[in-house]
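Have a look at upload-v8.txt below; it lists compact mmCIF, C-alpha atoms.
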# COMPACT_ATOMS: atom_id res chain seq x y z
CA MET A 100 20.77 47.88 -60.00
CA THR A 101 18.89 51.09 -60.81
CA THR A 102 15.76 49.15 -61.70
CA ALA A 103 15.88 47.12 -58.49
CA TYR A 104 16.37 50.31 -56.45
CA LEU A 105 13.36 51.99 -58.05
CA ILE A 106 11.20 48.89 -57.59
CA ILE A 107 12.03 48.88 -53.87
CA LEU A 108 11.17 52.57 -53.67
CA VAL A 109 7.80 51.98 -55.34
CA LEU A 110 7.03 49.10 -52.98
CA TYR A 111 8.00 51.30 -50.03
CA LEU A 112 5.67 54.09 -51.12
CA ILE A 113 2.81 51.65 -51.73
CA LYS A 114 3.37 50.39 -48.20
CA ILE A 115 3.16 53.96 -46.88
CA LEU A 116 -0.16 54.56 -48.66
CA LEU A 117 -1.57 51.34 -47.23
CA PHE A 118 -0.42 52.34 -43.73
CA SER A 119 -2.08 55.72 -44.00
CA ALA A 120 -5.35 54.21 -45.21
CA GLY A 121 -5.22 51.50 -42.53
CA ALA A 122 -4.78 54.03 -39.72
CA ARG A 123 -7.86 55.86 -40.98
CA ARG A 124 -9.84 52.62 -40.98
CA ALA A 125 -8.72 51.89 -37.41
CA SER A 126 -9.92 55.29 -36.21
CA VAL A 127 -13.63 54.95 -36.98
CA ARG A 128 -15.27 56.32 -33.85
CA VAL A 129 -17.11 54.07 -31.38
CA ARG A 130 -19.32 55.54 -28.66
CA GLN A 131 -19.94 53.39 -25.59
CA PRO A 132 -22.23 55.21 -23.15
CA GLU A 133 -21.80 52.75 -20.28
CA ARG A 134 -19.20 53.26 -17.56
CA PRO A 135 -18.20 49.82 -16.25
CA ILE A 136 -15.96 49.33 -13.24
CA ILE A 137 -12.35 49.71 -14.39
CA SER A 138 -8.93 48.90 -12.95
CA VAL A 139 -5.91 51.02 -13.83
CA LEU A 140 -2.65 49.10 -13.36
CA VAL A 141 0.91 50.42 -13.18
CA ALA A 142 4.02 48.31 -12.64
CA ALA A 143 6.84 50.35 -11.08
CA ARG A 144 10.42 49.27 -10.53
CA ASN A 145 12.99 51.86 -9.42
CA GLU A 146 10.93 54.78 -10.71
CA GLU A 147 11.50 57.34 -7.94
CA HIS A 148 12.21 60.06 -10.52
CA ASN A 149 8.99 59.46 -12.48
CA ILE A 150 6.37 58.01 -10.14
CA ASP A 151 5.07 61.29 -8.68
CA ALA A 152 4.21 62.73 -12.08
CA CYS A 153 2.62 59.46 -13.15
CA LEU A 154 0.43 59.15 -10.07
CA ALA A 155 -0.54 62.82 -10.16
CA GLY A 156 -1.97 62.20 -13.63
CA LEU A 157 -3.79 59.04 -12.54
CA ALA A 158 -5.21 60.72 -9.44
CA ALA A 159 -6.70 63.46 -11.64
CA LEU A 160 -8.54 61.04 -13.95
CA ARG A 161 -12.21 61.78 -14.51
CA TYR A 162 -14.43 58.75 -14.06
CA PRO A 163 -17.65 58.09 -12.09
CA GLU A 164 -16.96 57.86 -8.37
CA GLY A 165 -16.69 54.35 -7.04
CA ARG A 166 -16.20 52.79 -10.48
CA MET A 167 -12.42 53.09 -10.82
CA GLU A 168 -9.55 51.62 -8.85
CA ILE A 169 -5.84 52.31 -9.34
CA LEU A 170 -3.39 49.53 -8.46
CA VAL A 171 0.30 50.44 -8.39
CA VAL A 172 2.70 47.50 -8.19
CA ASP A 173 6.03 48.02 -6.48
CA ASP A 174 8.08 45.43 -8.35
CA GLN A 175 10.86 44.94 -5.78
CA SER A 176 12.24 48.46 -6.13
CA THR A 177 15.51 49.26 -4.40
CA ASP A 178 15.05 53.05 -4.41
CA ARG A 179 12.32 55.29 -2.89
CA THR A 180 9.57 54.16 -5.28
CA ALA A 181 7.55 52.27 -2.65
CA GLU A 182 7.83 55.15 -0.18
CA LEU A 183 6.48 57.61 -2.74
CA ILE A 184 3.61 55.31 -3.75
CA ALA A 185 2.67 54.99 -0.08
CA VAL A 186 2.31 58.78 0.15
CA TRP A 187 -0.11 58.79 -2.80
CA GLN A 188 -2.04 55.87 -1.31
CA LYS A 189 -2.86 58.07 1.70
CA ARG A 190 -3.98 60.94 -0.56
CA VAL A 191 -6.13 59.03 -3.05
CA PRO A 192 -8.80 56.70 -1.58
CA HIS A 193 -9.12 54.54 -4.71
CA LEU A 194 -5.35 54.08 -5.15
CA ARG A 195 -3.71 51.03 -3.65
CA MET A 196 -0.12 49.80 -3.61
CA ILE A 197 0.65 46.13 -3.91
CA ARG A 198 4.01 44.38 -3.96
CA THR A 199 5.08 41.50 -6.13
CA GLU A 200 5.37 38.27 -4.20
CA GLY A 201 7.42 35.60 -5.87
CA VAL A 202 6.95 34.79 -9.52
CA VAL A 203 3.87 33.56 -11.36
CA PRO A 204 4.91 30.29 -13.05
CA GLY A 205 6.31 30.95 -16.52
CA LEU A 206 6.47 34.74 -16.12
CA ARG A 207 9.22 37.28 -15.48
CA GLY A 208 9.63 41.02 -15.32
CA LYS A 209 6.71 43.32 -15.97
CA ALA A 210 4.35 40.52 -17.04
CA ASN A 211 4.75 38.93 -13.61
CA ALA A 212 3.91 42.23 -11.88
CA ILE A 213 0.86 42.95 -14.03
CA ALA A 214 -0.44 39.38 -13.74
CA GLN A 215 -0.31 39.64 -9.94
CA ALA A 216 -2.11 42.98 -10.05
CA ILE A 217 -4.86 41.58 -12.28
CA GLU A 218 -5.47 38.82 -9.75
CA GLN A 219 -6.18 41.47 -7.11
CA SER A 220 -8.23 43.79 -9.35
CA ARG A 221 -11.99 43.90 -9.83
CA GLY A 222 -12.52 45.93 -13.01
CA GLU A 223 -14.43 44.69 -16.03
CA ILE A 224 -11.98 46.64 -18.18
CA ILE A 225 -8.30 46.85 -17.28
CA LEU A 226 -6.14 49.77 -18.37
CA THR A 227 -2.34 49.69 -18.18
CA THR A 228 0.30 52.37 -18.35
CA ASP A 229 3.90 52.70 -17.21
CA ALA A 230 5.40 54.52 -14.26
CA ASP A 231 7.33 56.88 -16.54
CA CYS A 232 4.14 57.99 -18.33
CA ILE A 233 1.63 60.80 -17.84
CA VAL A 234 -1.98 60.23 -18.88
CA PRO A 235 -4.50 62.97 -19.78
CA VAL A 236 -7.42 63.63 -17.49
CA ASP A 237 -9.95 62.03 -19.89
CA TRP A 238 -7.78 58.99 -20.66
CA ALA A 239 -9.84 56.41 -18.78
CA GLU A 240 -13.24 57.70 -19.85
CA GLN A 241 -12.29 58.11 -23.51
CA THR A 242 -10.58 54.73 -23.65
CA VAL A 243 -13.69 53.03 -22.27
CA GLU A 244 -15.78 54.80 -24.92
CA GLN A 245 -13.85 52.88 -27.58
CA TYR A 246 -15.40 49.61 -26.41
CA ASP A 247 -18.51 48.10 -27.88
CA ALA A 248 -19.94 44.70 -26.99
CA ARG A 249 -17.48 42.89 -29.29
CA THR A 250 -14.30 44.78 -28.35
CA GLY A 251 -11.70 42.88 -26.34
CA CYS A 252 -8.72 45.22 -26.44
CA VAL A 253 -8.07 48.90 -27.18
CA CYS A 254 -4.64 50.48 -27.59
CA GLY A 255 -3.77 54.16 -27.84
CA TYR A 256 -0.86 56.30 -28.94
CA THR A 257 2.11 57.32 -26.83
CA LEU A 258 4.53 60.12 -27.66
CA ILE A 259 7.77 61.06 -25.95
CA THR A 260 8.06 64.21 -23.87
CA ASN A 261 10.59 66.22 -25.79
CA SER A 262 12.95 68.95 -24.75
CA GLY A 263 15.50 68.65 -27.52
CA ALA A 264 16.64 66.82 -30.61
CA PHE A 265 17.34 63.44 -28.99
CA SER A 266 13.92 63.13 -27.33
CA GLY A 267 12.13 64.77 -30.27
CA MET A 268 13.62 62.19 -32.60
CA GLN A 269 12.30 59.43 -30.32
CA SER A 270 8.83 60.98 -30.34
CA MET A 271 8.81 60.96 -34.15
CA ASP A 272 9.85 57.32 -34.06
CA TRP A 273 7.00 56.38 -31.70
CA ALA A 274 4.48 58.23 -33.87
CA TYR A 275 5.74 56.38 -36.93
CA LEU A 276 5.76 52.91 -35.37
CA LEU A 277 2.38 53.28 -33.67
CA THR A 278 0.81 54.47 -36.91
CA ILE A 279 2.01 51.21 -38.45
CA ALA A 280 0.46 49.35 -35.49
CA SER A 281 -2.81 51.24 -35.93
CA ALA A 282 -2.77 50.58 -39.68
CA GLY A 283 -2.27 46.87 -39.09
CA VAL A 284 -5.45 46.73 -36.98
CA GLY A 285 -7.23 48.75 -39.66
CA TRP A 286 -6.44 46.04 -42.18
CA GLY A 287 -7.13 43.16 -39.78
CA TYR A 288 -3.58 42.33 -38.66
CA SER A 289 -2.16 42.86 -35.18
CA LEU A 290 1.42 43.96 -35.80
CA SER A 291 2.39 45.64 -32.54
CA ALA A 292 1.15 47.03 -29.23
CA VAL A 293 2.71 48.94 -26.35
CA GLY A 294 1.55 48.39 -22.79
CA ASN A 295 1.97 51.99 -21.62
CA ASN A 296 -1.34 52.85 -23.31
CA MET A 297 -3.29 49.62 -23.50
CA SER A 298 -6.56 48.27 -22.17
CA PHE A 299 -8.41 44.98 -22.38
CA ARG A 300 -11.65 43.43 -21.23
CA ARG A 301 -11.19 41.04 -18.31
CA LYS A 302 -13.25 38.40 -20.12
CA ALA A 303 -10.91 38.60 -23.14
CA TYR A 304 -7.91 38.23 -20.82
CA GLU A 305 -9.47 35.18 -19.21
CA ASP A 306 -10.39 33.70 -22.58
CA VAL A 307 -6.70 33.51 -23.57
CA GLY A 308 -5.75 32.15 -20.16
CA GLY A 309 -4.06 35.32 -18.94
CA TYR A 310 -0.37 36.07 -19.11
CA GLN A 311 0.33 32.64 -17.67
CA ASN A 312 -1.09 30.90 -20.72
CA VAL A 313 0.20 33.47 -23.23
CA GLY A 314 3.67 32.64 -21.96
CA PHE A 315 6.77 34.69 -21.35
CA SER A 316 7.76 37.34 -23.86
CA VAL A 317 10.13 40.31 -23.61
CA THR A 318 7.22 42.31 -25.05
CA GLU A 319 4.44 40.88 -22.90
CA ASP A 320 1.92 43.53 -23.95
CA PHE A 321 2.22 42.65 -27.62
CA ALA A 322 1.98 38.93 -26.81
CA LEU A 323 -1.33 39.50 -25.00
CA PHE A 324 -2.64 41.81 -27.72
CA LYS A 325 -1.81 39.23 -30.36
CA ALA A 326 -3.42 36.41 -28.38
CA ILE A 327 -6.69 38.32 -27.99
CA SER A 328 -6.58 39.23 -31.69
CA TYR A 329 -5.94 35.80 -33.14
CA LYS A 330 -7.13 33.28 -30.55
CA THR A 331 -10.54 34.71 -29.64
CA ASP A 332 -13.59 36.19 -31.33
CA TRP A 333 -12.99 39.58 -29.68
CA THR A 334 -12.14 42.53 -31.91
CA VAL A 335 -9.27 44.93 -31.20
CA ARG A 336 -8.99 48.67 -31.80
CA TYR A 337 -6.05 51.04 -32.27
CA PRO A 338 -7.49 54.49 -33.04
CA VAL A 339 -5.54 57.69 -33.70
CA GLU A 340 -7.36 59.39 -30.82
CA PRO A 341 -6.03 62.65 -29.30
CA SER A 342 -8.07 62.35 -26.10
CA THR A 343 -6.20 59.17 -25.09
CA LEU A 344 -2.69 60.31 -26.01
CA VAL A 345 -0.17 59.36 -23.31
CA TRP A 346 3.23 61.01 -22.81
CA SER A 347 6.25 58.92 -21.83
CA ALA A 348 9.69 59.89 -20.61
CA PRO A 349 12.42 59.47 -23.25
CA CYS A 350 15.37 57.15 -23.17
CA ARG A 351 18.09 59.31 -21.68
CA THR A 352 21.09 57.73 -23.37
CA LEU A 353 21.97 55.85 -26.54
CA LYS A 354 22.54 52.77 -24.40
CA GLU A 355 18.97 52.91 -23.07
CA LEU A 356 17.62 53.47 -26.58
CA PHE A 357 19.66 50.56 -27.92
CA ARG A 358 18.27 48.25 -25.22
CA GLN A 359 14.71 49.38 -25.94
CA LYS A 360 15.03 48.71 -29.66
CA LYS A 361 16.67 45.36 -29.04
CA ARG A 362 13.83 44.32 -26.71
CA TRP A 363 11.18 45.42 -29.20
CA GLY A 364 13.00 43.67 -32.04
CA ARG A 365 13.34 40.43 -30.08
CA GLY A 366 9.68 40.56 -29.09
CA GLY A 367 8.67 41.07 -32.71
CA LEU A 368 10.27 37.86 -33.95
CA ASP A 369 6.94 36.03 -33.79
CA ILE A 370 5.06 38.75 -35.64
CA HIS A 371 2.48 37.83 -38.29
CA PRO A 372 4.09 36.94 -41.67
CA ILE A 373 2.55 40.10 -43.11
CA GLY A 374 4.62 42.01 -40.57
CA PHE A 375 7.80 40.31 -41.74
CA GLY A 376 6.99 41.33 -45.28
CA ILE A 377 6.49 44.92 -44.20
CA MET A 378 9.74 44.94 -42.24
CA SER A 379 11.58 43.40 -45.17
CA ILE A 380 10.53 46.21 -47.50
CA GLY A 381 11.66 48.78 -44.93
CA PHE A 382 14.96 47.00 -44.43
CA LEU A 383 15.63 46.75 -48.16
CA MET A 384 14.84 50.43 -48.73
CA ASN A 385 17.09 51.67 -45.96
CA ALA A 386 19.89 49.21 -46.67
CA ALA A 387 19.82 50.14 -50.37
CA ILE A 388 20.20 53.83 -49.55
CA ILE A 389 23.24 53.06 -47.40
CA LEU A 390 24.97 50.46 -49.56
CA LEU A 391 24.15 50.95 -53.23
CA PRO A 392 26.08 54.21 -53.76
CA PHE A 393 29.23 52.22 -53.04
CA LEU A 394 28.22 49.66 -55.66
CA GLY A 395 27.82 52.09 -58.52
CA LEU A 396 24.26 53.39 -58.22
CA PRO A 397 24.03 56.71 -60.14
CA PHE A 398 23.99 59.67 -57.77
CA PRO A 399 20.76 61.27 -59.16
CA VAL A 400 18.92 57.96 -58.76
CA TRP A 401 20.22 57.63 -55.20
CA LEU A 402 18.96 61.12 -54.37
CA LEU A 403 15.58 60.28 -55.88
CA GLY A 404 15.28 57.33 -53.53
CA ILE A 405 16.17 59.45 -50.49
CA ALA A 406 13.70 62.15 -51.48
CA GLY A 407 10.94 59.63 -52.24
CA LYS A 408 11.41 57.80 -48.95
CA ALA A 409 11.47 61.06 -46.97
CA ALA A 410 8.31 62.27 -48.70
CA GLY A 411 6.54 58.99 -47.90
CA ASP A 412 7.62 59.04 -44.26
CA ALA A 413 6.52 62.67 -43.86
CA TYR A 414 3.16 61.84 -45.44
CA LEU A 415 2.60 58.97 -42.98
CA LEU A 416 3.52 61.12 -39.98
CA PHE A 417 1.57 64.22 -40.96
CA ARG A 418 -1.97 63.07 -40.09
CA PRO A 419 -1.33 61.62 -36.60
CA LEU A 420 0.90 64.55 -35.61
CA GLN A 421 -1.69 66.98 -36.91
CA ARG A 422 -4.41 65.18 -34.94
CA PHE A 423 -2.30 65.41 -31.80
CA GLY A 424 -1.39 69.05 -32.37
CA GLN A 425 2.28 68.09 -32.62
CA LEU A 426 3.32 69.23 -36.09
CA ARG A 427 6.15 71.13 -34.39
CA LEU A 428 7.90 67.76 -34.10
CA PHE A 429 8.70 68.00 -37.81
CA ARG A 430 11.67 70.16 -36.83
CA TYR A 431 13.30 66.86 -35.83
CA PHE A 432 12.32 65.07 -39.03
CA PRO A 433 15.79 65.17 -40.70
CA LEU A 434 17.40 63.67 -37.58
CA PHE A 435 14.64 61.05 -37.37
CA GLU A 436 15.23 60.06 -41.01
CA LEU A 437 18.95 59.55 -40.36
CA TYR A 438 18.27 57.62 -37.15
CA TYR A 439 15.60 55.48 -38.80
CA LEU A 440 17.87 54.75 -41.75
CA ILE A 441 20.59 53.41 -39.47
CA TYR A 442 18.61 51.44 -36.91
CA VAL A 443 16.26 49.72 -39.36
CA THR A 444 19.34 48.48 -41.22
CA ILE A 445 21.29 47.19 -38.21
CA LEU A 446 18.44 46.03 -35.94
CA PRO A 447 17.94 42.60 -37.59
CA PHE A 448 21.60 41.77 -36.97
CA VAL A 449 21.42 43.01 -33.37
CA VAL A 450 18.33 40.90 -32.68
CA VAL A 451 19.82 37.74 -34.20
CA LEU A 452 23.38 38.10 -32.95
CA GLY A 453 22.88 40.02 -29.69
CA GLY A 454 22.76 38.55 -26.18
CA ARG A 455 19.97 38.61 -23.65
CA VAL A 456 17.52 41.48 -23.39
CA VAL A 457 17.85 43.85 -20.43
CA TRP A 458 14.77 45.51 -18.88
CA LYS A 459 14.90 47.58 -15.67
CA ASP A 460 18.36 46.12 -14.87
CA ARG A 461 17.01 42.59 -15.26
CA LYS A 462 18.22 40.17 -17.90
CA LEU A 463 15.22 38.50 -19.52

Let's see the structure in the file written out as structure tokens.
Amino acid sequence: MTTAYLIILVLYLIKILLFSAGARRASVRVRQPERPIISVLVAARNEEHNIDACLAGLAALRYPEGRMEILVVDDQSTDRTAELIAVWQKRVPHLRMIRTEGVVPGLRGKANAIAQAIEQSRGEIILTTDADCIVPVDWAEQTVEQYDARTGCVCGYTLITNSGAFSGMQSMDWAYLLTIASAGVGWGYSLSAVGNNMSFRRKAYEDVGGYQNVGFSVTEDFALFKAISYKTDWTVRYPVEPSTLVWSAPCRTLKELFRQKKRWGRGGLDIHPIGFGIMSIGFLMNAAIILLPFLGLPFPVWLLGIAGKAAGDAYLLFRPLQRFGQLRLFRYFPLFELYYLIYVTILPFVVVLGGRVVWKDRKL
């Protein structure tokens, strides 16, 4: 038992070193001097508490005049979201509200809203974010700079606005998971993507047949990212880039957080086999820490595993948080470690045994 535990720990730490190296490889700087026409898309459903802050950030974006449009989709909101978007439409000449009309065949939820917006957009490069996010003023310009002639998709980091332990823990989790996503791209594997800080070339989108051909997924952004990665000759990028860092509102309750993790877990079921191997090592490490003390694992060995895992996790998080000027988040590291230990162990069972996924009060 002790030997098996130590082998799992060694494999876990090797995985951490590979992640760290992969994220560095993914962050090699590209400089694209051209400024093509771009479309910024936001799908909003019942976001009256967040939409003003989101649109204020988008309205402040720096980009050559006449070469950027902002399309905000009111996805059948039942609150004041549409009313608030209409106010911003009057203030910002290049911002336009559209409303979802029916359902694109084979699509539901956010993918349906974004697909309809793309049909009405004109940009060569399409950038997406969420209505509960705030983008930096250079987000569009710096994202476009990541494209060269072969690039089909570029993703960026998102952290959670934090005002306490619960949200700070979530921000650490996002930094950790997105570093794994960045590392995957660095090593040539597309393991994950999040649509609140994502962009893609229109030609790459058309080459995979759009969301309609990609098909429905509860994580539609990852499905598109994966299709561009594996079904076309376009390259993808996932740099650790401070100038494109987006801030998202946290899940407010454990119930919301549970639903988010369940949706991500369900969407990750068709991940590349390499991804399953990575997740398996993480699951075994965390499950061993929880279970093996009850099966006779010597206490000093158990503590060694906890300390080794924590050291590896801190090492992986240090560089991106340092790059983003967010080392203060390490105050929440002990809580993050406990949270990560629990959810990585139980998530596979939730994904397999749980019911339908809920997103924005819709069952998908």

Which residue is closest to Ala387 of chain A? Choose from A:Val345, A:Ala125, A:Leu323, A:Leu108 and count all atoms listed in the file.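 Closest to Ala387 of chain A of all the choices is A:Leu108.
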
Do you have the atom CA of Met268 of chain A-atom CA of Arg430 of chain A distance handy?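 One can read the atom CA of Met268 of chain A to atom CA of Arg430 of chain A distance as 9.2 Å.
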
Could you give me, as a PyMOL selection string, the residues within 12 Å of Arg221 of chain A, counting all atoms listed in the file and dropping anything in the same chain fewer than 4 positions from it? chain A and resi 135-140+165-170+216-217+225-226+300-302

Save the residues we just selected, C-alpha atoms, as a CSV table (one decimal), keeping the file's coordinate frame?
chain,number,residue,atom,x,y,z
A,135,PRO,CA,-18.2,49.8,-16.2
A,136,ILE,CA,-16.0,49.3,-13.2
A,137,ILE,CA,-12.4,49.7,-14.4
A,138,SER,CA,-8.9,48.9,-13.0
A,139,VAL,CA,-5.9,51.0,-13.8
A,140,LEU,CA,-2.6,49.1,-13.4
A,165,GLY,CA,-16.7,54.4,-7.0
A,166,ARG,CA,-16.2,52.8,-10.5
A,167,MET,CA,-12.4,53.1,-10.8
A,168,GLU,CA,-9.6,51.6,-8.8
A,169,ILE,CA,-5.8,52.3,-9.3
A,170,LEU,CA,-3.4,49.5,-8.5
A,216,ALA,CA,-2.1,43.0,-10.0
A,217,ILE,CA,-4.9,41.6,-12.3
A,225,ILE,CA,-8.3,46.8,-17.3
A,226,LEU,CA,-6.1,49.8,-18.4
A,300,ARG,CA,-11.6,43.4,-21.2
A,301,ARG,CA,-11.2,41.0,-18.3
A,302,LYS,CA,-13.2,38.4,-20.1

May I have the residues within 8 Å of Asn295 of chain A as a PDB file with C-alpha atoms, in the coordinates of the input, using only C-alpha atoms and disregarding those fewer than 6 positions away in the same chain?
ATOM      1  CA  THR A 227      -2.340  49.690 -18.180  1.00  0.00           C
ATOM      2  CA  THR A 228       0.300  52.370 -18.350  1.00  0.00           C
ATOM      3  CA  ASP A 229       3.900  52.700 -17.210  1.00  0.00           C
ATOM      4  CA  CYS A 232       4.140  57.990 -18.330  1.00  0.00           C
ATOM      5  CA  THR A 257       2.110  57.320 -26.830  1.00  0.00           C
ATOM      6  CA  VAL A 345      -0.170  59.360 -23.310  1.00  0.00           C
TER       7      VAL A 345
END

Mind checking which residues fall within 8 Å of Ile380 of chain A, counting all atoms listed in the file, ignoring those fewer than 3 positions away in the same chain, and posting them as a ChimeraX atom specification? /A:107,110-111,376-377,383-384

Save the residues we just selected, C-alpha atoms, as a PDB file, keeping the file's coordinate frame?
ATOM      1  CA  ILE A 107      12.030  48.880 -53.870  1.00  0.00           C
ATOM      2  CA  LEU A 110       7.030  49.100 -52.980  1.00  0.00           C
ATOM      3  CA  TYR A 111       8.000  51.300 -50.030  1.00  0.00           C
ATOM      4  CA  GLY A 376       6.990  41.330 -45.280  1.00  0.00           C
ATOM      5  CA  ILE A 377       6.490  44.920 -44.200  1.00  0.00           C
ATOM      6  CA  LEU A 383      15.630  46.750 -48.160  1.00  0.00           C
ATOM      7  CA  MET A 384      14.840  50.430 -48.730  1.00  0.00           C
TER       8      MET A 384
END

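Between atom CA of Ala326 of chain A and atom CA of Pro372 of chain A the interatomic distance comes to 15.3 Å.
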
Selected residue, from A:Ile389, A:Leu157, A:Ile405, A:Met297, that lies nearest to Pro338 of chain A when counting only C-alpha atoms: A:Met297

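Taking atom CA of Val186 of chain A as the reference point, atom CA of Asn145 of chain A is found at 15.9 Å.
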
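Remark: for Glu164 of chain A, the closest of the candidate residues A:His371, A:Arg134, A:Arg427, A:Arg358 is A:Arg134 (distances computed over only C-alpha atoms).
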
Please list as a ChimeraX atom specification every residue within 8 Å of segment 279-291 of chain A, counting only C-alpha atoms and excluding residues in the same chain fewer than 4 positions away. /A:117-126,275,321,324-325,328,335-339,367,370-371,373-374

Each side padded by 4 Å, which centre and which edge lengths in Å (one decimal) define the axis-aligned box around the listed atoms of segment 240-244 of chain A? Give them as JSON.
{"center_x": -13.2, "center_y": 55.6, "center_z": -22.4, "size_x": 13.2, "size_y": 13.1, "size_z": 13.1}

Check the smallest atom-to-atom distance from each of A:Tyr304, A:Leu258, A:Phe432, A:Leu356 to Tyr414 of chain A using all atoms listed in the file, then report the winner.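 Result for the nearest residue to Tyr414 of chain A: A:Phe432.
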
Taking (-19.1, 38.5, -30.7) in the file's own coordinates, collect the residues within 10 Å, counting all atoms listed in the file, and hand them back as an MDAnalysis selection string. chainID A and resid 248:251 331:334

For those residues, write C-alpha atoms to a file as an mmCIF file, in the coordinates of the input.
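What ended up in out29.cif:
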data_model
loop_
_atom_site.group_PDB
_atom_site.id
_atom_site.type_symbol
_atom_site.label_atom_id
_atom_site.label_comp_id
_atom_site.auth_asym_id
_atom_site.auth_seq_id
_atom_site.Cartn_x
_atom_site.Cartn_y
_atom_site.Cartn_z
ATOM 1 C CA ALA A 248 -19.940 44.700 -26.990
ATOM 2 C CA ARG A 249 -17.480 42.890 -29.290
ATOM 3 C CA THR A 250 -14.300 44.780 -28.350
ATOM 4 C CA GLY A 251 -11.700 42.880 -26.340
ATOM 5 C CA THR A 331 -10.540 34.710 -29.640
ATOM 6 C CA ASP A 332 -13.590 36.190 -31.330
ATOM 7 C CA TRP A 333 -12.990 39.580 -29.680
ATOM 8 C CA THR A 334 -12.140 42.530 -31.910
#

Would you mind listing what lies within 6 Å of Ser347 of chain A as a CSV table (one decimal) with C-alpha atoms, keeping the file's coordinate frame, with only C-alpha atoms counted and same-chain residues fewer than 4 positions away left out?
chain,number,residue,atom,x,y,z
A,231,ASP,CA,7.3,56.9,-16.5
A,232,CYS,CA,4.1,58.0,-18.3
A,259,ILE,CA,7.8,61.1,-26.0
A,260,THR,CA,8.1,64.2,-23.9

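Here the question is which of A:Val234, A:Ile224, A:Leu112, A:Ala406 gets nearest to Ala158 of chain A using all atoms listed in the file, and that residue is A:Val234.
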